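One file, input_28.cif, is given below (mmCIF, C-alpha atoms).
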```
data_entry
loop_
_atom_site.label_atom_id
_atom_site.label_comp_id
_atom_site.auth_asym_id
_atom_site.auth_seq_id
_atom_site.Cartn_x
_atom_site.Cartn_y
_atom_site.Cartn_z
CA MET S 1 0.00 0.00 0.00
CA GLY S 2 2.99 2.32 -0.38
CA ASP S 3 5.63 3.54 2.04
CA ALA S 4 5.12 5.56 5.21
CA HIS S 5 5.87 8.86 3.48
CA SER S 6 3.01 8.44 1.02
CA LEU S 7 0.52 7.02 3.53
CA MET S 8 -2.63 9.08 4.04
CA LEU S 9 -5.36 8.37 6.57
CA THR S 10 -8.03 8.81 3.90
CA VAL S 11 -7.50 5.26 2.58
CA THR S 12 -10.46 2.95 3.02
CA GLU S 13 -8.42 -0.08 4.12
CA PRO S 14 -5.79 -0.32 6.87
CA TYR S 15 -2.14 0.21 6.01
CA HIS S 16 -0.19 -2.97 6.87
CA THR S 17 3.33 -2.75 8.20
CA THR S 18 5.96 -4.83 10.00
CA TRP S 19 7.01 -4.34 13.59
CA ASN S 20 10.31 -2.75 12.57
CA GLU S 21 8.52 -0.16 10.46
CA ALA S 22 5.64 0.48 12.86
CA GLU S 23 7.24 3.19 14.97
CA PRO S 24 8.55 5.35 12.08
CA THR S 25 5.28 4.89 10.19
CA LEU S 26 3.23 6.04 13.16
CA ARG S 27 5.54 8.95 13.91
CA GLN S 28 5.04 10.16 10.36
CA LEU S 29 1.27 9.89 10.71
CA ILE S 30 1.31 11.66 14.08
CA LYS S 31 3.40 14.48 12.63
CA ARG S 32 0.99 14.91 9.70
CA ARG S 33 -2.07 14.83 11.89
CA ALA S 34 -0.59 17.36 14.34
CA ALA S 35 0.22 19.72 11.47
CA SER S 36 -3.45 19.71 10.41
CA MET S 37 -4.85 20.35 13.89
CA ALA S 38 -5.22 23.35 16.17
CA ALA S 39 -2.33 23.93 18.54
CA ASP S 40 -4.60 23.62 21.57
CA ARG S 41 -5.56 20.00 20.90
CA ALA S 42 -3.65 16.76 21.42
CA VAL S 43 -3.21 14.02 18.84
CA VAL S 44 -4.78 10.83 20.23
CA VAL S 45 -3.56 7.41 19.07
CA GLY S 46 -5.38 4.19 20.01
CA ILE S 47 -3.47 0.90 19.95
CA THR S 48 -5.17 -2.46 20.46
CA GLY S 49 -4.32 -6.10 19.91
CA PRO S 50 -4.67 -9.45 21.65
CA VAL S 51 -2.76 -10.10 24.84
CA GLY S 52 0.99 -10.39 24.29
CA SER S 53 0.88 -8.76 20.85
CA GLY S 54 3.21 -5.90 21.80
CA LYS S 55 0.74 -3.01 21.94
CA THR S 56 2.12 -1.70 25.23
CA THR S 57 5.69 -1.86 23.92
CA LEU S 58 4.72 0.07 20.80
CA ALA S 59 2.85 2.65 22.86
CA ARG S 60 5.92 3.20 25.04
CA GLN S 61 8.11 3.59 21.97
CA LEU S 62 5.89 6.40 20.71
CA GLY S 63 6.05 8.24 24.03
CA GLY S 64 3.61 10.98 24.98
CA VAL S 65 0.92 10.57 27.61
CA LEU S 66 0.21 6.85 28.03
CA LEU S 67 -3.30 5.79 29.02
CA SER S 68 -3.88 2.05 29.43
CA THR S 69 -7.38 0.62 29.13
CA ASP S 70 -6.36 -1.84 31.86
CA HIS S 71 -7.11 0.84 34.43
CA TYR S 72 -10.74 0.85 33.32
CA LEU S 73 -11.23 -2.88 33.92
CA PRO S 74 -14.01 -3.99 36.32
CA ASP S 75 -13.27 -5.36 39.76
CA TYR S 76 -12.77 -9.07 39.13
CA ALA S 77 -14.54 -10.11 42.34
CA ASP S 78 -17.82 -8.80 40.93
CA LEU S 79 -17.80 -11.00 37.82
CA PRO S 80 -17.51 -14.64 36.72
CA GLU S 81 -14.04 -15.26 35.33
CA ALA S 82 -15.34 -15.83 31.80
CA GLN S 83 -16.74 -12.28 31.65
CA ARG S 84 -13.77 -10.32 32.99
CA ASP S 85 -12.48 -9.19 29.58
CA GLU S 86 -15.91 -8.30 28.24
CA PRO S 87 -16.03 -4.67 27.01
CA ARG S 88 -19.56 -4.26 28.40
CA HIS S 89 -18.17 -4.58 31.94
CA ALA S 90 -15.31 -2.11 31.49
CA ASP S 91 -15.73 1.58 32.36
CA LEU S 92 -15.57 2.67 28.73
CA GLY S 93 -17.78 5.70 29.29
CA LEU S 94 -15.21 7.10 31.71
CA LEU S 95 -12.35 6.18 29.37
CA ALA S 96 -14.03 8.03 26.50
CA GLU S 97 -14.61 11.04 28.75
CA HIS S 98 -10.98 11.03 29.85
CA LEU S 99 -9.69 10.85 26.28
CA GLY S 100 -11.91 13.77 25.33
CA THR S 101 -10.55 15.74 28.28
CA LEU S 102 -6.89 14.97 27.52
CA ARG S 103 -7.55 15.81 23.89
CA GLN S 104 -8.42 19.33 25.08
CA LEU S 105 -5.11 19.48 27.00
CA THR S 106 -6.81 19.21 30.38
CA PRO S 107 -5.62 16.84 33.16
CA ILE S 108 -7.64 13.86 34.41
CA ASP S 109 -7.82 11.69 37.52
CA ARG S 110 -7.38 8.21 36.05
CA PRO S 111 -8.50 5.09 37.93
CA GLU S 112 -5.69 2.99 39.38
CA TRP S 113 -6.32 -0.71 38.74
CA CYS S 114 -4.09 -3.24 40.54
CA PHE S 115 -3.11 -6.51 38.81
CA HIS S 116 -2.22 -8.17 42.09
CA GLU S 117 -5.55 -7.31 43.78
CA HIS S 118 -7.57 -7.33 40.53
CA ARG S 119 -9.57 -4.26 41.47
CA ARG S 120 -9.53 -0.48 41.42
CA ILE S 121 -7.49 0.87 44.32
CA GLY S 122 -7.72 4.63 43.83
CA SER S 123 -6.81 7.18 41.20
CA SER S 124 -3.77 8.94 39.73
CA ARG S 125 -3.43 12.38 38.21
CA VAL S 126 -2.53 12.35 34.51
CA GLU S 127 -1.28 15.58 32.99
CA PRO S 128 -2.02 16.31 29.31
CA GLY S 129 0.47 16.49 26.45
CA ALA S 130 0.63 17.04 22.71
CA LEU S 131 0.42 13.27 22.12
CA VAL S 132 -1.88 10.87 23.97
CA VAL S 133 -1.53 7.12 23.36
CA CYS S 134 -4.37 4.91 24.57
CA GLU S 135 -3.40 1.25 24.53
CA GLY S 136 -5.12 -1.93 25.59
CA ILE S 137 -7.73 -4.50 24.65
CA PHE S 138 -10.51 -1.87 24.60
CA ALA S 139 -8.65 0.89 22.74
CA LEU S 140 -10.61 0.50 19.49
CA GLN S 141 -14.00 -0.14 21.03
CA GLU S 142 -16.89 1.67 19.35
CA GLN S 143 -17.26 4.16 22.21
CA ILE S 144 -13.58 5.07 22.02
CA LEU S 145 -13.13 5.48 18.25
CA PRO S 146 -14.65 9.00 18.03
CA HIS S 147 -11.90 10.22 20.37
CA LEU S 148 -9.02 8.81 18.28
CA ASP S 149 -7.08 10.50 15.49
CA ILE S 150 -5.15 7.35 14.54
CA ALA S 151 -6.26 3.76 15.23
CA VAL S 152 -3.74 0.90 15.32
CA PHE S 153 -4.21 -2.88 15.51
CA VAL S 154 -1.17 -4.97 16.53
CA ASP S 155 -1.28 -8.69 15.78
CA ALA S 156 1.04 -11.61 16.46
CA PRO S 157 0.80 -15.42 16.27
CA ALA S 158 -0.79 -17.00 19.33
CA GLY S 159 2.29 -19.07 20.14
CA VAL S 160 4.52 -16.01 20.13
CA ARG S 161 2.07 -14.09 22.28
CA TRP S 162 1.76 -16.87 24.86
CA SER S 163 5.55 -17.15 25.12
CA ARG S 164 5.66 -13.44 25.99
CA TRP S 165 2.96 -13.76 28.64
CA GLU S 166 4.68 -16.84 30.07
CA GLN S 167 7.90 -14.86 30.54
CA LEU S 168 5.93 -12.07 32.17
CA GLU S 169 4.38 -14.44 34.71
CA THR S 170 7.70 -16.16 35.32
CA SER S 171 9.11 -12.77 36.35
CA GLY S 172 6.32 -12.34 38.94
CA GLU S 173 5.28 -8.98 37.48
CA ARG S 174 1.55 -9.65 37.86
CA GLY S 175 1.51 -12.37 40.49
CA TRP S 176 -0.64 -14.97 38.77
CA GLY S 177 1.89 -17.67 38.04
CA VAL S 178 2.31 -19.52 34.76
CA GLU S 179 -0.41 -22.15 35.13
CA ARG S 180 -3.15 -19.72 36.14
CA ALA S 181 -2.10 -17.36 33.34
CA ARG S 182 -2.11 -20.22 30.82
CA HIS S 183 -5.69 -21.11 31.79
CA TYR S 184 -6.84 -17.47 31.55
CA PHE S 185 -5.05 -16.98 28.22
CA ALA S 186 -6.74 -20.03 26.67
CA THR S 187 -10.23 -19.80 28.17
CA VAL S 188 -10.86 -16.06 28.65
CA ALA S 189 -8.38 -13.68 27.01
CA GLU S 190 -8.10 -15.40 23.62
CA PRO S 191 -11.75 -16.26 22.91
CA THR S 192 -13.07 -12.95 24.27
CA PHE S 193 -10.74 -10.77 22.20
CA ALA S 194 -11.28 -12.95 19.11
CA ARG S 195 -14.98 -12.05 19.08
CA PHE S 196 -14.10 -8.38 18.58
CA ALA S 197 -10.85 -8.67 16.61
CA GLY S 198 -12.54 -8.37 13.22
CA GLN S 199 -14.24 -5.08 14.02
CA TYR S 200 -11.08 -3.68 15.62
CA ARG S 201 -8.97 -4.58 12.60
CA ALA S 202 -11.55 -3.08 10.24
CA ALA S 203 -11.55 0.17 12.23
CA ALA S 204 -7.74 0.47 12.23
CA ASP S 205 -5.79 2.92 10.11
CA VAL S 206 -2.65 0.82 10.58
CA VAL S 207 -2.24 -2.93 11.16
CA VAL S 208 1.10 -4.08 12.57
CA LEU S 209 2.34 -7.68 12.36
CA ASN S 210 4.62 -8.43 15.29
CA ASP S 211 6.15 -11.90 14.99
CA ARG S 212 9.46 -11.30 16.69
CA LYS S 213 10.56 -12.81 19.99
CA ILE S 214 10.60 -10.79 23.20
CA ASN S 215 13.83 -9.09 24.24
CA ASP S 216 15.01 -8.41 27.78
CA ARG S 217 13.97 -4.75 27.74
CA GLU S 218 10.35 -5.69 27.06
CA LYS S 219 9.87 -8.04 30.00
CA GLY S 220 7.16 -6.61 32.22
CA HIS S 221 5.53 -4.67 29.33
CA LEU S 222 4.15 -7.41 27.12
CA ALA S 223 0.49 -6.55 26.71
#
```
Just give me the structure as structure tokens.
Amino acid sequence: MGDAHSLMLTVTEPYHTTWNEAEPTLRQLIKRRAASMAADRAVVVGITGPVGSGKTTLARQLGGVLLSTDHYLPDYADLPEAQRDEPRHADLGLLAEHLGTLRQLTPIDRPEWCFHEHRRIGSSRVEPGALVVCEGIFALQEQILPHLDIAVFVDAPAGVRWSRWEQLETSGERGWGVERARHYFATVAEPTFARFAGQYRAAADVVVLNDRKINDREKGHLA
């Protein structure tokens, strides 16, 4: 579909790129979008993908204000395990409101969701910036899309993604342990995201294929 320098967001199908080209491609798009916008508004990028695809890593590479949809998850104790990744249970209304606020260069008080306790434990102040990157499994949900300037879908083979999550759990970063994580990956995370993957991919401006193995710098940021 052409190189990054000729890419325009007016195309009707997503632009497909490799992991190595994803960051420069997106930086070019962000630069173009910023040049066409008022100076008092942030560029908002949404990045989604199945667990372990590398969306968090890509978001961190881009920099700016990082807003993870993980912080808008429901308290796990209130739901059956099979429903915990369902978008209808996430606080997407608040996420959309917060993106709209950051887009206007105004700070927010973001929920603080704890992976060890699996619940909301308070809030954190998030200051605005010229670039806001919203990443996570809900980042291209229908309620969120109107608040995005650029939508990105990151994909990776299931085996590669599980190997990344396995290394994350081995490190103790989230406290689940490998066997519990393996069960959740296979019975909740994978089938739930798969039901929405088609609509997310169709809504994306850019689709990134990430089939590389994890490196040491990425451990702890694999989502």
Quiz item: Care to translate the PyMOL selection byres ((chain S and resi 65-81) around 7) into actual residues of this file, as number ranges by chain?
Solution: S: 63-64, 82-84, 89-92, 95, 111-113, 118-120, 128-129, 131-139
Exercise. Could you tell me which residues the PyMOL selection byres ((chain S and resi 16) around 6) grabs in this file, written as a ChimeraX atom specification?
Key: /S:15,17,206-208
Quiz prompt | Val178 (chain S) surroundings by only C-alpha atoms, 7 Å radius, close-in-sequence under 3 positions cut, as a list of chain:residue names | solution =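 Residues meeting the cut-off are S:Glu166, S:Glu169, S:Thr170, S:Ala181, S:Arg182.
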Exercise. Identify the residues around (-8.0, 11.0, 21.3) within a radius of 7 Å, measuring from all atoms listed in the file in the coordinates stated by the file, and give them as a ChimeraX atom specification.
Key: /S:43-45,99-100,103,132,147-149
Could those residues be written to a file, using C-alpha atoms, as a PDB file, in the coordinates of the input?
```pdb
ATOM      1  CA  VAL S  43      -3.210  14.020  18.840  1.00  0.00           C
ATOM      2  CA  VAL S  44      -4.780  10.830  20.230  1.00  0.00           C
ATOM      3  CA  VAL S  45      -3.560   7.410  19.070  1.00  0.00           C
ATOM      4  CA  LEU S  99      -9.690  10.850  26.280  1.00  0.00           C
ATOM      5  CA  GLY S 100     -11.910  13.770  25.330  1.00  0.00           C
ATOM      6  CA  ARG S 103      -7.550  15.810  23.890  1.00  0.00           C
ATOM      7  CA  VAL S 132      -1.880  10.870  23.970  1.00  0.00           C
ATOM      8  CA  HIS S 147     -11.900  10.220  20.370  1.00  0.00           C
ATOM      9  CA  LEU S 148      -9.020   8.810  18.280  1.00  0.00           C
ATOM     10  CA  ASP S 149      -7.080  10.500  15.490  1.00  0.00           C
TER      11      ASP S 149
END
```
Quiz item: Given the choices S:Pro87, S:Gly49, S:Gly198, S:Gly122, which gets closest to Gln141 (chain S) if the distance is worked out from only C-alpha atoms?
Solution: S:Pro87
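Straight-line separation from CA of Pro191 (chain S) to CA of Phe115 (chain S): 20.6 Å.
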Quiz prompt | Distance of CA of Ala151 (chain S) from CA of Glu97 (chain S), expressed in Å to one decimal place | solution =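 Computing the Euclidean distance for CA of Glu97 (chain S) and CA of Ala151 (chain S) yields 17.5 Å.
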Quiz prompt | Ground truth for the PyMOL selection byres ((chain S and resi 165) around 8), written as a list in words | solution =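 When the PyMOL selection byres ((chain S and resi 165) around 8) is applied to the shown file, the picked residues are Val51, Gly52, Arg161, Trp162, Ser163, Arg164, Glu166, Gln167, Leu168, Glu169, Ala181, Leu222 and Ala223 of chain S.
If you look at CA of Pro14 (chain S) and CA of Ile47 (chain S), they are 13.3 Å away from each other.
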Practice problem: Rank S:Ile121, S:Cys114, S:Leu105, S:Ala202 by their smallest atom-to-atom distance to Leu145 (chain S), using all atoms listed in the file, and report the top residue only. | Solution: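 The closest residue to Leu145 (chain S) is S:Ala202.
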Quiz item: Taking (-8.4, -11.9, 26.7) in the file's coordinates, which residues come within 8 Å, counting only C-alpha atoms, written as number ranges by chain?
Solution: S: 50-51, 85, 137, 184-185, 188-193
